[in-house]
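Asker: Sending over structure.cif (mmCIF, C-alpha atoms and all ligand atoms).
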```cif
data_entry
#
loop_
_atom_site.label_atom_id
_atom_site.label_comp_id
_atom_site.auth_asym_id
_atom_site.auth_seq_id
_atom_site.Cartn_x
_atom_site.Cartn_y
_atom_site.Cartn_z
CA MET A 1 28.31 5.01 5.10
CA LEU A 2 26.78 1.59 5.56
CA ASN A 3 24.31 1.25 8.39
CA ARG A 4 25.43 -1.83 10.30
CA SER A 5 22.82 -1.56 12.98
CA SER A 6 21.52 -5.01 13.82
CA PHE A 7 17.90 -6.14 13.81
CA LEU A 8 15.51 -4.55 16.29
CA PRO A 9 15.10 -7.21 18.99
CA ALA A 10 11.75 -8.34 20.35
CA TRP A 11 11.53 -8.33 24.15
CA ASP A 12 10.98 -11.74 25.65
CA THR A 13 8.15 -12.21 28.13
CA PRO A 14 10.20 -11.57 31.32
CA GLU A 15 11.59 -8.33 29.89
CA GLY A 16 8.15 -7.06 28.88
CA ILE A 17 6.73 -7.95 32.30
CA ARG A 18 9.62 -6.26 34.07
CA ARG A 19 9.43 -3.05 32.02
CA SER A 20 5.66 -2.60 32.28
CA SER A 21 5.52 -3.62 35.96
CA ASP A 22 8.43 -1.35 36.91
CA LEU A 23 6.70 1.54 35.19
CA PHE A 24 3.45 0.70 36.98
CA VAL A 25 5.17 0.69 40.38
CA ALA A 26 7.03 3.93 39.62
CA ALA A 27 3.86 5.70 38.47
CA TYR A 28 1.33 4.44 41.02
CA GLY A 29 3.32 3.12 43.98
CA SER A 30 1.61 -0.29 44.02
CA ARG A 31 1.80 -3.60 42.15
CA PRO A 32 -0.31 -4.41 39.06
CA ALA A 33 -2.86 -7.25 39.16
CA GLY A 34 -1.26 -8.77 36.09
CA VAL A 35 0.46 -8.14 32.77
CA TRP A 36 -1.05 -8.68 29.33
CA ALA A 37 0.66 -8.48 25.95
CA ALA A 38 -0.42 -8.27 22.31
CA PRO A 39 1.66 -8.30 19.13
CA GLY A 40 2.25 -5.98 16.21
CA ARG A 41 1.84 -7.52 12.77
CA VAL A 42 2.89 -7.52 9.17
CA ASN A 43 0.54 -8.33 6.34
CA LEU A 44 1.92 -10.88 3.89
CA ILE A 45 -0.61 -10.07 1.16
CA GLY A 46 -4.10 -8.61 0.74
CA GLU A 47 -3.48 -4.90 1.28
CA HIS A 48 -6.27 -2.34 1.56
CA LEU A 49 -8.78 -5.15 1.16
CA ASP A 50 -10.17 -5.26 4.70
CA TYR A 51 -12.52 -2.32 4.25
CA ASN A 52 -13.33 -3.60 0.75
CA GLY A 53 -14.80 -6.82 2.11
CA GLY A 54 -11.88 -8.99 1.00
CA PHE A 55 -9.12 -11.20 2.37
CA SER A 56 -5.88 -10.34 4.07
CA LEU A 57 -3.12 -12.64 5.32
CA PRO A 58 -1.28 -11.01 8.21
CA PHE A 59 0.74 -12.68 10.93
CA ALA A 60 1.71 -11.64 14.45
CA LEU A 61 5.21 -10.29 15.07
CA PRO A 62 7.37 -11.38 17.98
CA HIS A 63 7.34 -7.69 18.95
CA ARG A 64 4.65 -6.99 21.54
CA THR A 65 3.10 -4.26 23.64
CA PHE A 66 2.91 -5.07 27.36
CA VAL A 67 0.26 -3.61 29.65
CA ALA A 68 0.50 -3.90 33.44
CA LEU A 69 -2.94 -3.19 34.85
CA ALA A 70 -4.89 -3.15 38.11
CA PRO A 71 -8.66 -2.65 38.49
CA ARG A 72 -10.04 0.12 40.68
CA ALA A 73 -13.28 0.20 42.61
CA ASP A 74 -14.20 3.67 41.26
CA GLU A 75 -14.56 5.17 37.77
CA GLN A 76 -11.09 6.79 37.74
CA VAL A 77 -8.57 5.80 35.06
CA ARG A 78 -4.83 6.45 35.09
CA LEU A 79 -2.64 5.68 32.07
CA VAL A 80 1.09 5.93 31.53
CA SER A 81 3.39 4.82 28.71
CA ASP A 82 7.13 4.27 28.70
CA LEU A 83 7.25 6.81 25.89
CA ALA A 84 6.59 9.52 28.49
CA PRO A 85 7.03 7.86 31.88
CA ASP A 86 6.49 11.08 33.84
CA ALA A 87 3.25 12.07 32.14
CA VAL A 88 0.48 10.09 33.85
CA TRP A 89 -2.91 10.74 32.25
CA SER A 90 -5.72 10.80 34.72
CA GLY A 91 -9.48 11.05 34.14
CA THR A 92 -12.68 9.04 34.24
CA LEU A 93 -14.15 6.34 32.01
CA ASP A 94 -16.46 8.98 30.54
CA ASP A 95 -13.41 10.99 29.46
CA LEU A 96 -12.36 8.07 27.25
CA GLY A 97 -15.30 8.36 24.86
CA PRO A 98 -15.61 9.72 21.31
CA GLY A 99 -14.81 13.41 20.98
CA ARG A 100 -13.23 13.51 24.44
CA ALA A 101 -10.10 11.35 24.42
CA SER A 102 -7.30 12.27 22.04
CA GLY A 103 -3.73 11.30 21.20
CA TRP A 104 -2.38 8.07 22.62
CA VAL A 105 -5.02 8.05 25.38
CA ALA A 106 -7.67 7.32 22.74
CA TYR A 107 -5.84 4.10 21.81
CA ALA A 108 -5.02 3.06 25.37
CA GLY A 109 -8.33 4.05 26.95
CA GLY A 110 -10.81 3.92 24.06
CA PRO A 111 -11.35 0.15 24.39
CA ALA A 112 -12.47 0.63 28.01
CA TRP A 113 -15.16 3.10 27.00
CA VAL A 114 -16.36 0.91 24.11
CA LEU A 115 -16.46 -2.28 26.17
CA ARG A 116 -18.51 -0.53 28.85
CA ASP A 117 -20.75 0.90 26.13
CA GLU A 118 -21.32 -2.67 24.93
CA GLY A 119 -22.36 -3.87 28.35
CA VAL A 120 -19.10 -5.34 29.65
CA PRO A 121 -18.93 -4.35 33.36
CA VAL A 122 -15.72 -2.28 33.07
CA ARG A 123 -14.83 0.03 35.99
CA GLY A 124 -11.87 2.34 36.58
CA PHE A 125 -8.29 1.03 36.34
CA ASP A 126 -4.60 1.95 36.40
CA ALA A 127 -2.42 0.85 33.50
CA ALA A 128 1.23 1.13 32.48
CA VAL A 129 2.30 0.46 28.89
CA ALA A 130 5.73 -0.63 27.65
CA SER A 131 6.32 -1.69 24.07
CA CYS A 132 8.98 -2.82 21.61
CA VAL A 133 6.63 -2.46 18.62
CA PRO A 134 7.91 0.47 16.55
CA LEU A 135 5.36 3.28 16.69
CA GLY A 136 3.64 4.56 13.58
CA ALA A 137 5.75 2.22 11.42
CA GLY A 138 2.79 0.45 9.82
CA LEU A 139 3.39 -2.49 12.17
CA SER A 140 0.19 -1.89 14.13
CA SER A 141 1.42 -0.57 17.46
CA SER A 142 -2.06 0.95 17.79
CA ALA A 143 -3.93 -2.37 17.71
CA ALA A 144 -1.26 -4.02 19.88
CA LEU A 145 -2.00 -1.39 22.53
CA GLU A 146 -5.80 -1.52 22.17
CA THR A 147 -6.00 -5.30 22.25
CA ALA A 148 -3.60 -5.72 25.19
CA VAL A 149 -5.75 -3.29 27.20
CA ALA A 150 -8.97 -4.98 26.08
CA LEU A 151 -7.71 -8.43 27.11
CA ALA A 152 -6.69 -7.06 30.50
CA LEU A 153 -10.06 -5.38 31.11
CA ASP A 154 -11.94 -8.48 30.01
CA GLU A 155 -10.01 -10.55 32.51
CA VAL A 156 -10.16 -8.25 35.55
CA PHE A 157 -13.79 -7.14 35.11
CA ASN A 158 -15.41 -9.92 33.09
CA GLN A 159 -13.78 -13.18 34.30
CA GLY A 160 -11.94 -13.36 30.97
CA ALA A 161 -15.18 -14.45 29.32
CA LEU A 162 -14.32 -12.89 25.96
CA GLY A 163 -10.61 -13.67 25.83
CA ALA A 164 -11.27 -17.37 26.41
CA ASP A 165 -12.33 -18.40 22.91
CA ASP A 166 -12.24 -17.21 19.31
CA ALA A 167 -15.82 -15.98 19.27
CA GLY A 168 -15.13 -13.81 22.31
CA ARG A 169 -11.88 -12.60 20.85
CA ALA A 170 -13.73 -11.61 17.67
CA ARG A 171 -15.98 -9.46 19.88
CA LEU A 172 -12.97 -7.92 21.60
CA ALA A 173 -11.44 -7.22 18.19
CA ALA A 174 -14.64 -5.51 17.04
CA ALA A 175 -14.67 -3.39 20.20
CA CYS A 176 -11.06 -2.32 19.54
CA VAL A 177 -11.95 -1.43 15.94
CA ARG A 178 -14.73 0.78 17.32
CA ALA A 179 -12.24 2.39 19.71
CA GLU A 180 -9.85 3.12 16.85
CA ASN A 181 -12.62 4.40 14.54
CA GLU A 182 -14.84 6.27 16.99
CA VAL A 183 -12.51 7.35 19.78
CA ALA A 184 -9.12 7.72 18.05
CA GLY A 185 -10.86 8.85 14.85
CA ALA A 186 -8.75 6.62 12.55
CA ALA A 187 -10.83 5.04 9.78
CA THR A 188 -8.99 1.71 9.79
CA GLY A 189 -10.41 -1.69 8.89
CA GLY A 190 -10.38 -4.75 11.14
CA MET A 191 -7.23 -6.58 10.11
CA ASP A 192 -4.87 -5.34 12.83
CA GLN A 193 -7.12 -6.13 15.78
CA ALA A 194 -8.03 -9.56 14.38
CA VAL A 195 -4.45 -10.71 13.97
CA ALA A 196 -3.44 -9.41 17.41
CA LEU A 197 -6.21 -11.41 19.06
CA ARG A 198 -7.09 -14.36 16.84
CA SER A 199 -3.87 -15.70 15.30
CA THR A 200 -1.97 -18.77 16.48
CA LEU A 201 1.76 -19.34 16.83
CA GLY A 202 3.37 -20.56 13.60
CA HIS A 203 0.43 -19.49 11.45
CA ALA A 204 -0.63 -16.58 9.34
CA LEU A 205 -4.25 -15.56 9.74
CA LEU A 206 -6.45 -15.52 6.65
CA ILE A 207 -9.13 -12.98 7.45
CA ASP A 208 -12.31 -12.71 5.44
CA SER A 209 -13.49 -9.25 6.31
CA SER A 210 -16.86 -9.80 4.64
CA ASP A 211 -17.90 -11.82 7.70
CA ALA A 212 -14.86 -11.47 10.05
CA SER A 213 -14.23 -15.22 9.81
CA VAL A 214 -10.64 -16.44 10.06
CA THR A 215 -8.62 -19.44 8.92
CA GLN A 216 -5.23 -20.43 10.32
CA VAL A 217 -2.65 -20.90 7.56
CA PRO A 218 0.56 -22.69 8.65
CA LEU A 219 3.55 -20.45 7.93
CA ASP A 220 6.83 -22.18 8.71
CA LEU A 221 9.46 -19.86 7.28
CA GLU A 222 12.27 -21.55 9.16
CA ALA A 223 11.55 -24.96 7.66
CA ALA A 224 11.89 -23.38 4.22
CA ASP A 225 15.14 -21.66 5.28
CA LEU A 226 13.48 -18.31 4.68
CA THR A 227 12.75 -15.25 6.70
CA ILE A 228 10.64 -12.15 6.34
CA LEU A 229 12.80 -9.06 6.70
CA VAL A 230 10.79 -6.06 7.84
CA ILE A 231 12.10 -2.68 6.76
CA ASP A 232 10.75 0.24 8.77
CA THR A 233 11.42 3.12 6.39
CA ARG A 234 10.90 5.69 9.17
CA ALA A 235 9.51 7.97 6.48
CA PRO A 236 7.27 10.62 7.98
CA HIS A 237 3.71 9.77 6.98
CA ALA A 238 1.74 12.86 7.84
CA LEU A 239 -0.59 12.32 4.88
CA ALA A 240 -1.57 8.82 5.87
CA ASP A 241 -4.85 9.41 7.69
CA GLY A 242 -6.48 11.66 5.09
CA GLN A 243 -5.26 9.53 2.18
CA TYR A 244 -6.52 6.35 3.83
CA ALA A 245 -9.94 7.87 4.29
CA SER A 246 -9.97 9.10 0.69
CA ARG A 247 -9.02 5.63 -0.70
CA ARG A 248 -11.80 4.17 1.37
CA ALA A 249 -14.30 6.75 0.13
CA THR A 250 -13.33 6.20 -3.52
CA CYS A 251 -13.79 2.44 -3.17
CA GLU A 252 -17.18 2.94 -1.52
CA ARG A 253 -18.24 5.22 -4.37
CA ALA A 254 -17.13 2.67 -6.96
CA ALA A 255 -18.94 -0.13 -5.12
CA ALA A 256 -22.14 1.92 -4.95
CA ARG A 257 -21.92 2.63 -8.67
CA LEU A 258 -21.55 -1.11 -9.33
CA GLY A 259 -24.49 -1.95 -7.09
CA VAL A 260 -22.51 -3.93 -4.52
CA ARG A 261 -21.86 -3.27 -0.85
CA THR A 262 -18.09 -3.77 -1.16
CA LEU A 263 -15.82 -4.09 -4.18
CA CYS A 264 -14.86 -7.65 -3.28
CA GLN A 265 -18.47 -8.73 -3.91
CA VAL A 266 -18.06 -7.99 -7.61
CA GLU A 267 -18.35 -11.25 -9.54
CA ASP A 268 -16.99 -10.18 -12.91
CA PRO A 269 -14.10 -7.75 -12.38
CA GLU A 270 -13.44 -7.22 -16.09
CA ALA A 271 -17.02 -6.20 -16.77
CA ALA A 272 -17.09 -4.04 -13.64
CA LEU A 273 -13.99 -2.11 -14.70
CA GLY A 274 -15.66 -1.52 -18.06
CA ARG A 275 -18.68 -0.01 -16.35
CA LEU A 276 -16.72 2.50 -14.27
CA GLU A 277 -15.89 5.84 -15.84
CA ASP A 278 -13.95 7.74 -13.21
CA ARG A 279 -10.21 7.24 -13.75
CA LEU A 280 -9.43 7.01 -10.03
CA GLU A 281 -12.31 4.65 -9.30
CA ILE A 282 -11.08 2.35 -12.08
CA ALA A 283 -7.50 2.32 -10.80
CA ARG A 284 -8.49 1.75 -7.16
CA ALA A 285 -10.94 -1.02 -8.10
CA ARG A 286 -8.32 -2.67 -10.32
CA HIS A 287 -5.97 -2.89 -7.33
CA VAL A 288 -8.70 -4.48 -5.24
CA PHE A 289 -9.56 -7.04 -7.93
CA THR A 290 -5.97 -8.02 -8.79
CA GLU A 291 -4.96 -8.15 -5.11
CA GLN A 292 -7.76 -10.66 -4.45
CA GLY A 293 -6.23 -12.97 -7.06
CA ARG A 294 -2.81 -12.61 -5.47
CA VAL A 295 -4.20 -13.47 -2.04
CA ARG A 296 -5.74 -16.65 -3.45
CA ARG A 297 -2.47 -17.73 -5.06
CA VAL A 298 -0.36 -16.91 -2.00
CA VAL A 299 -2.70 -18.76 0.37
CA GLU A 300 -2.53 -21.81 -1.88
CA ALA A 301 1.26 -21.75 -2.07
CA VAL A 302 1.80 -21.04 1.64
CA SER A 303 -0.69 -23.76 2.65
CA ALA A 304 1.24 -26.24 0.52
CA GLY A 305 4.57 -25.13 2.00
CA ARG A 306 5.71 -23.72 -1.34
CA LEU A 307 6.88 -20.46 0.20
CA ARG A 308 9.51 -19.67 -2.39
CA GLU A 309 6.80 -19.33 -5.04
CA ILE A 310 5.13 -16.29 -3.54
CA GLY A 311 7.86 -13.80 -4.47
CA PRO A 312 6.34 -12.67 -7.78
CA ASP A 313 2.95 -12.02 -6.15
CA LEU A 314 4.63 -9.92 -3.45
CA ASP A 315 6.35 -7.90 -6.18
CA ALA A 316 3.11 -7.51 -8.16
CA SER A 317 1.27 -6.41 -5.04
CA HIS A 318 3.76 -3.63 -4.53
CA ALA A 319 3.47 -2.52 -8.15
CA SER A 320 -0.31 -2.41 -7.84
CA LEU A 321 -0.24 -0.49 -4.55
CA ALA A 322 2.26 1.99 -5.99
CA GLY A 323 0.62 2.35 -9.42
CA ASP A 324 -3.13 1.75 -9.14
CA TYR A 325 -3.69 2.50 -5.46
CA GLU A 326 -1.01 5.21 -5.15
CA VAL A 327 -0.21 4.56 -1.51
CA SER A 328 3.53 3.99 -1.81
CA CYS A 329 6.25 6.61 -1.38
CA PRO A 330 9.89 6.98 -2.51
CA GLU A 331 11.27 5.33 0.64
CA LEU A 332 9.05 2.26 0.23
CA ASP A 333 9.92 1.99 -3.46
CA VAL A 334 13.64 2.23 -2.74
CA ALA A 335 13.34 -0.35 0.05
CA VAL A 336 11.69 -2.99 -2.14
CA GLU A 337 13.95 -2.34 -5.13
CA ALA A 338 17.14 -2.52 -3.07
CA ALA A 339 15.94 -5.67 -1.32
CA ARG A 340 15.21 -7.39 -4.64
CA ARG A 341 18.54 -6.33 -6.10
CA ALA A 342 20.27 -7.86 -3.08
CA GLY A 343 18.54 -11.19 -3.68
CA ALA A 344 15.13 -11.00 -1.99
CA LEU A 345 12.67 -13.45 -3.57
CA GLY A 346 9.96 -10.78 -3.43
CA ALA A 347 9.22 -7.55 -1.60
CA ARG A 348 6.32 -5.20 -1.04
CA MET A 349 5.10 -2.41 1.15
CA THR A 350 2.95 -3.66 4.02
CA GLY A 351 0.25 -1.81 5.94
CA GLY A 352 -1.49 1.37 4.91
CA GLY A 353 1.39 3.00 3.03
CA PHE A 354 2.77 6.56 2.76
CA GLY A 355 5.77 5.53 4.81
CA GLY A 356 5.65 2.74 7.32
CA SER A 357 7.23 -0.58 6.50
CA ALA A 358 8.07 -2.94 3.67
CA ILE A 359 8.60 -6.71 3.85
CA ALA A 360 11.06 -8.80 1.90
CA LEU A 361 11.08 -12.59 1.60
CA VAL A 362 14.73 -13.61 1.86
CA GLU A 363 16.90 -16.66 2.37
CA ARG A 364 17.87 -16.71 6.02
CA ALA A 365 21.56 -16.64 5.12
CA LYS A 366 21.03 -13.49 3.08
CA ALA A 367 19.09 -11.44 5.63
CA SER A 368 22.09 -9.40 6.78
CA ALA A 369 23.27 -8.75 3.23
CA VAL A 370 19.81 -7.57 2.17
CA ARG A 371 19.58 -5.39 5.27
CA ASP A 372 22.96 -3.78 4.49
CA ALA A 373 22.03 -3.24 0.85
CA VAL A 374 18.77 -1.49 1.78
CA ALA A 375 20.56 0.65 4.37
CA ALA A 376 23.20 1.62 1.81
CA SER A 377 20.57 2.50 -0.76
CA PHE A 378 18.72 4.68 1.77
CA ALA A 379 21.97 6.50 2.57
CA ALA A 380 22.66 7.02 -1.13
CA HIS A 381 19.20 8.56 -1.55
CA GLY A 382 19.70 10.84 1.45
CA PHE A 383 16.88 9.15 3.40
CA ALA A 384 16.99 8.71 7.19
CA ALA A 385 18.43 5.35 8.24
CA PRO A 386 15.77 2.61 8.21
CA GLU A 387 15.20 0.12 11.02
CA PHE A 388 15.11 -3.65 10.47
CA LEU A 389 13.22 -6.48 12.17
CA VAL A 390 13.11 -10.19 11.53
CA ALA A 391 9.56 -11.51 11.52
CA SER A 392 8.24 -14.97 12.27
CA ALA A 393 4.63 -16.02 12.81
CA SER A 394 4.22 -15.41 16.53
CA ALA A 395 1.64 -15.82 19.27
CA PRO A 396 -1.56 -13.79 19.72
CA GLY A 397 -2.29 -11.53 22.67
CA GLY A 398 -2.92 -12.89 26.13
CA ARG A 399 -1.99 -12.76 29.79
CA VAL A 400 1.75 -13.12 30.36
CA GLY A 401 2.22 -12.36 34.04
P1 LIG B 1 0.85 1.96 13.81
O1 LIG B 1 -0.35 1.27 14.32
O2 LIG B 1 1.22 1.54 12.44
O3 LIG B 1 2.02 1.86 14.72
P2 LIG B 1 -0.84 4.23 14.19
O4 LIG B 1 -0.74 5.64 13.76
O5 LIG B 1 -2.04 3.46 13.82
O6 LIG B 1 0.49 3.52 13.70
O7 LIG B 1 -0.74 4.16 15.77
C1 LIG B 1 0.30 4.81 16.44
C2 LIG B 1 -0.27 5.51 17.66
O8 LIG B 1 -0.67 4.54 18.65
C3 LIG B 1 0.75 6.36 18.35
O9 LIG B 1 0.83 7.65 17.77
C4 LIG B 1 0.20 6.42 19.77
O10 LIG B 1 -0.85 7.35 19.87
C5 LIG B 1 -0.40 5.03 19.94
N1 LIG B 1 0.54 4.09 20.58
C6 LIG B 1 0.94 2.91 20.10
N2 LIG B 1 1.79 2.28 20.94
C7 LIG B 1 1.95 3.10 22.00
C8 LIG B 1 2.71 3.04 23.21
N3 LIG B 1 3.50 2.01 23.48
N4 LIG B 1 2.61 4.08 24.07
C9 LIG B 1 1.82 5.13 23.79
N5 LIG B 1 1.09 5.24 22.67
C10 LIG B 1 1.14 4.26 21.78
MG MG B 2 -2.31 1.41 13.55
#
```
Please express the file's structure as C-alpha cells.

Answerer:
Amino acid sequence: MLNRSSFLPAWDTPEGIRRSSDLFVAAYGSRPAGVWAAPGRVNLIGEHLDYNGGFSLPFALPHRTFVALAPRADEQVRLVSDLAPDAVWSGTLDDLGPGRASGWVAYAGGPAWVLRDEGVPVRGFDAAVASCVPLGAGLSSSAALETAVALALDEVFNQGALGADDAGRARLAAACVRAENEVAGAATGGMDQAVALRSTLGHALLIDSSDASVTQVPLDLEAADLTILVIDTRAPHALADGQYASRRATCERAAARLGVRTLCQVEDPEAALGRLEDRLEIARARHVFTEQGRVRRVVEAVSAGRLREIGPDLDASHASLAGDYEVSCPELDVAVEAARRAGALGARMTGGGFGGSAIALVERAKASAVRDAVAASFAAHGFAAPEFLVASASAPGGRVG
C-alpha cells in the first residue's frame, strides 16, 4: 500500500516555545528564564570529510530543538525531555563529565561540563527539551540539543559573550564537539555543531575543517523552483558508532602512511593512491579524494545559482559512499534509486550512513510524487515506512523566547 503520510512539519517558534516551556513548568513548577533553539541539518555534499580535514556543505533545517532553561544558584542540574516527560534527571555539574554521564544526559548536559572546564562560569540549571528533529535519523538531533543548551548557558551565565559573534560561536561549537566526543563518547567530527551555530538563513555553510573556517554560500532553492526532499529511512543503525570510528581510524592510518596529518592535505591524489597498499585504505582514501572534487564543483554551481547542475555530483557521491566508503545500506540505496526513478535530479545518502537519511534534489512540483514513489518502493522491499521532510536553508541557533 502506498504511504500517503505528508511531510514531517517543522514547529514554528511559538509552538517550540510553548512545548518546551509547558514541559519546564510541569517538571519544575516554575517558569524558565528563556527558550533557546538550534536546528538539525542535512549535508548537501562533502560526506565523511570533516575528520579528514576537508570541506563539507551542510545547511540548517527548519526543524529545531527547543530548550527552556533557568539558571540555579547552586551546582544542581535537572534535565527533562519531551521524549520521557516523567523522567527528570537530577545530579550535579560534576556528574555531567566524561565517564559519568551517559545516554541522552551526555548530550544535554555534556556541554555544561565542558564549558565550565574551559573557564566559562557555568553553574547549576534546570532545562526542559522539546524537539521536532527526528532522533537518530542522521539529521543531527544530537548537535541541535548540545548547541541549544550551550547557547542558553552562555547567555544566562556568561552574558551571551560567546553567542554574540562568529568567533564565539566557533568556540561554543568546539565545546559541543568535545561534549559529544568526550562525554557522549561519539567520535564525530565538527560539521554538525558548526552548522547549528554558524550558518545564516538562506545559505549553506561551507566548512573547512582543516581550520574550522566557514563561508556562507547562498542557497535559494525556491528561486530555482527546487526543493531538497529528505528521506528518513528509519533503518536501525546499530552498527553506526563502531563503523564510524573504524572509518576514521582507517583514514588516519592512510594519512600517516602518506606522511600527512589528514587525507585532505594530500596534494597529488593519484600518486598517493599508488603508494597505498592496503585495499581498504585505498578505497577509503579514494572516496575522500573524489568527494573533495565534488564539493568544489557543487560549491561553484550553487554559488552561481546553477542548482540544477549538481544532480550528477550528488549521485556520484552516493556511489562513492556506497562503494568505496561502504557506509550505505539497502534502505539508503533503495531510497536514492527510487527517488531518481521518480524524477529527482540527484540523490545521495547524507550524514554518517548505515541508516539515517537520504536527500533528493527535486522540482518542487514533483516532491509529492517522489515521496510516494520512495514510500511505495520501501513497501515493496518490506522495509518500515520512511518519513519525509522538506528542507530549506534555515536559521542558526539562538534565543527565541
Ligand atoms: P542524530 O544526531 O543523527 O539524530 P545521534 O545518535 O548522533 O543521532 O544522536 C541521537 C541522540 O541524541 C539520542 O539517542 C539522544 O541521546 C540524544 N537526543 C537528541 N535529541 C534529543 C531530545 N530531543 N531529547 C532527548 N535526547 C535527545
Ligand atoms: Mg548526531

Asker: List all protein, DNA and RNA residues that have at least one atom no more than 7 Å from any atom of ligand LIG 1 (chain B), counting only C-alpha atoms and all ligand atoms, and write them as an MDAnalysis selection string.

Answerer: chainID A and resid 65 81:83 103:105 107 129:131 134:143 145 356

Asker: Please provide the set of residues having any atom within 12 Å of A:Gly274, restricted to only C-alpha atoms, with same-chain residues fewer than 4 positions apart removed, written as a list in words.

Answerer: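 With the cut-off at 12 Å, the set is Ala254, Leu258, Asp268, Pro269, Glu270, Asp278, Arg279, Glu281, Ile282, Ala283, Ala285 and Arg286 of chain A.
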
Asker: Considering only C-alpha atoms, state which residue in the set A:Leu226, A:Leu206, A:Ala385, A:Cys264 is at the smallest distance from A:Val295.

Answerer: A:Leu206

Asker: Give me the residues within 9 Å of A:Tyr51 as a list in words, counting all atoms listed in the file and dropping any in the same chain fewer than 4 places off.

Answerer: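 Everything that qualifies: Thr188, Gly189, Gly190, Met191, Ser209, Ser210, Arg248, Cys251 and Thr262 of chain A.
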
Asker: Do you know which residues are at most 6 Å from stretch 192-199 of chain A counting all atoms listed in the file, after dropping those on the same chain fewer than 4 positions away, and could you put them as a PDB file with C-alpha atoms, in the frame of the given file?

Answerer:
```pdb
ATOM      1  CA  ALA A  38      -0.420  -8.270  22.310  1.00  0.00           C
ATOM      2  CA  PRO A  39       1.660  -8.300  19.130  1.00  0.00           C
ATOM      3  CA  ALA A 143      -3.930  -2.370  17.710  1.00  0.00           C
ATOM      4  CA  ALA A 173     -11.440  -7.220  18.190  1.00  0.00           C
ATOM      5  CA  LEU A 205      -4.250 -15.560   9.740  1.00  0.00           C
ATOM      6  CA  PRO A 396      -1.560 -13.790  19.720  1.00  0.00           C
ATOM      7  CA  GLY A 397      -2.290 -11.530  22.670  1.00  0.00           C
TER       8      GLY A 397
END
```

Asker: Show me, as a JSON list (two decimals) with C-alpha atoms, keeping the file's coordinate frame, the residues that have an atom within 12 Å of A:Asn52 when counting all atoms listed in the file, minus same-chain residues fewer than 2 positions from it.

Answerer:
```json
[["chain", "number", "residue", "atom", "x", "y", "z"],
["A", 46, "GLY", "CA", -4.10, -8.61, 0.74],
["A", 47, "GLU", "CA", -3.48, -4.90, 1.28],
["A", 48, "HIS", "CA", -6.27, -2.34, 1.56],
["A", 49, "LEU", "CA", -8.78, -5.15, 1.16],
["A", 50, "ASP", "CA", -10.17, -5.26, 4.70],
["A", 54, "GLY", "CA", -11.88, -8.99, 1.00],
["A", 55, "PHE", "CA", -9.12, -11.20, 2.37],
["A", 56, "SER", "CA", -5.88, -10.34, 4.07],
["A", 188, "THR", "CA", -8.99, 1.71, 9.79],
["A", 189, "GLY", "CA", -10.41, -1.69, 8.89],
["A", 190, "GLY", "CA", -10.38, -4.75, 11.14],
["A", 191, "MET", "CA", -7.23, -6.58, 10.11],
["A", 208, "ASP", "CA", -12.31, -12.71, 5.44],
["A", 209, "SER", "CA", -13.49, -9.25, 6.31],
["A", 210, "SER", "CA", -16.86, -9.80, 4.64],
["A", 211, "ASP", "CA", -17.90, -11.82, 7.70],
["A", 247, "ARG", "CA", -9.02, 5.63, -0.70],
["A", 248, "ARG", "CA", -11.80, 4.17, 1.37],
["A", 249, "ALA", "CA", -14.30, 6.75, 0.13],
["A", 250, "THR", "CA", -13.33, 6.20, -3.52],
["A", 251, "CYS", "CA", -13.79, 2.44, -3.17],
["A", 252, "GLU", "CA", -17.18, 2.94, -1.52],
["A", 253, "ARG", "CA", -18.24, 5.22, -4.37],
["A", 254, "ALA", "CA", -17.13, 2.67, -6.96],
["A", 255, "ALA", "CA", -18.94, -0.13, -5.12],
["A", 256, "ALA", "CA", -22.14, 1.92, -4.95],
["A", 260, "VAL", "CA", -22.51, -3.93, -4.52],
["A", 261, "ARG", "CA", -21.86, -3.27, -0.85],
["A", 262, "THR", "CA", -18.09, -3.77, -1.16],
["A", 263, "LEU", "CA", -15.82, -4.09, -4.18],
["A", 264, "CYS", "CA", -14.86, -7.65, -3.28],
["A", 265, "GLN", "CA", -18.47, -8.73, -3.91],
["A", 266, "VAL", "CA", -18.06, -7.99, -7.61],
["A", 284, "ARG", "CA", -8.49, 1.75, -7.16],
["A", 285, "ALA", "CA", -10.94, -1.02, -8.10],
["A", 287, "HIS", "CA", -5.97, -2.89, -7.33],
["A", 288, "VAL", "CA", -8.70, -4.48, -5.24],
["A", 289, "PHE", "CA", -9.56, -7.04, -7.93],
["A", 291, "GLU", "CA", -4.96, -8.15, -5.11],
["A", 292, "GLN", "CA", -7.76, -10.66, -4.45]]
```

Asker: Nearest to A:Ala26: which of A:Val88, A:Ala367, A:Ala344, A:Ala319 is it, counting only C-alpha atoms?

Answerer: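 The closest residue to A:Ala26 is A:Val88.
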
Asker: I'd like the neighbourhood of stretch 154-156 of chain A as a PyMOL selection string, where a residue qualifies if any of its atoms comes within 12 Å (using only C-alpha atoms), though same-chain residues fewer than 3 positions away should be ignored.

Answerer: chain A and resi 32-36+68-73+111-112+114-116+119-126+147-151+159-164+168-169+171-173+175+398-399

Asker: My list of candidates is A:Glu331, A:Asp117, A:Asp74, A:Glu300. Which is closest to A:Asp232 when distances are computed with all atoms listed in the file?

Answerer: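 The shortest atom-to-atom distance to A:Asp232 comes from A:Glu331.
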
Asker: Specify the axis-aligned box that encloses all atoms of stretch 181-195 of chain A listed in the file after padding of 4 Å on each side, stating its centre and edge lengths in Å to one decimal as JSON.

Answerer:
```
{"center_x": -9.6, "center_y": -0.9, "center_z": 14.3, "size_x": 18.4, "size_y": 27.6, "size_z": 18.9}
```

Asker: One decimal, in Å: what's the spacing between atom CA of A:Arg371 and atom CA of A:Leu201?

Answerer: 25.4 Å

Asker: Have a look at atom CA of A:Ala375 and atom CA of A:Gly343 and let me know their distance in Å, one decimal.

Answerer: 14.5 Å

Asker: In Å, how far is it from atom CA of A:His318 to atom CA of A:Ala204?

Answerer: 19.5 Å

Asker: Using all atoms listed in the file, which of the listed residues (A:Gln76, A:Ile228, A:Asn181, A:Ala174) sits closest to A:Ala212?

Answerer: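 Result for the nearest residue to A:Ala212: A:Ala174.
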
Asker: Which residue gives the smallest distance to ligand MG 2 (chain B) among A:Ala187, A:Ala128, A:Val327, A:Ala391, with all atoms listed in the file counted?

Answerer: A:Ala187
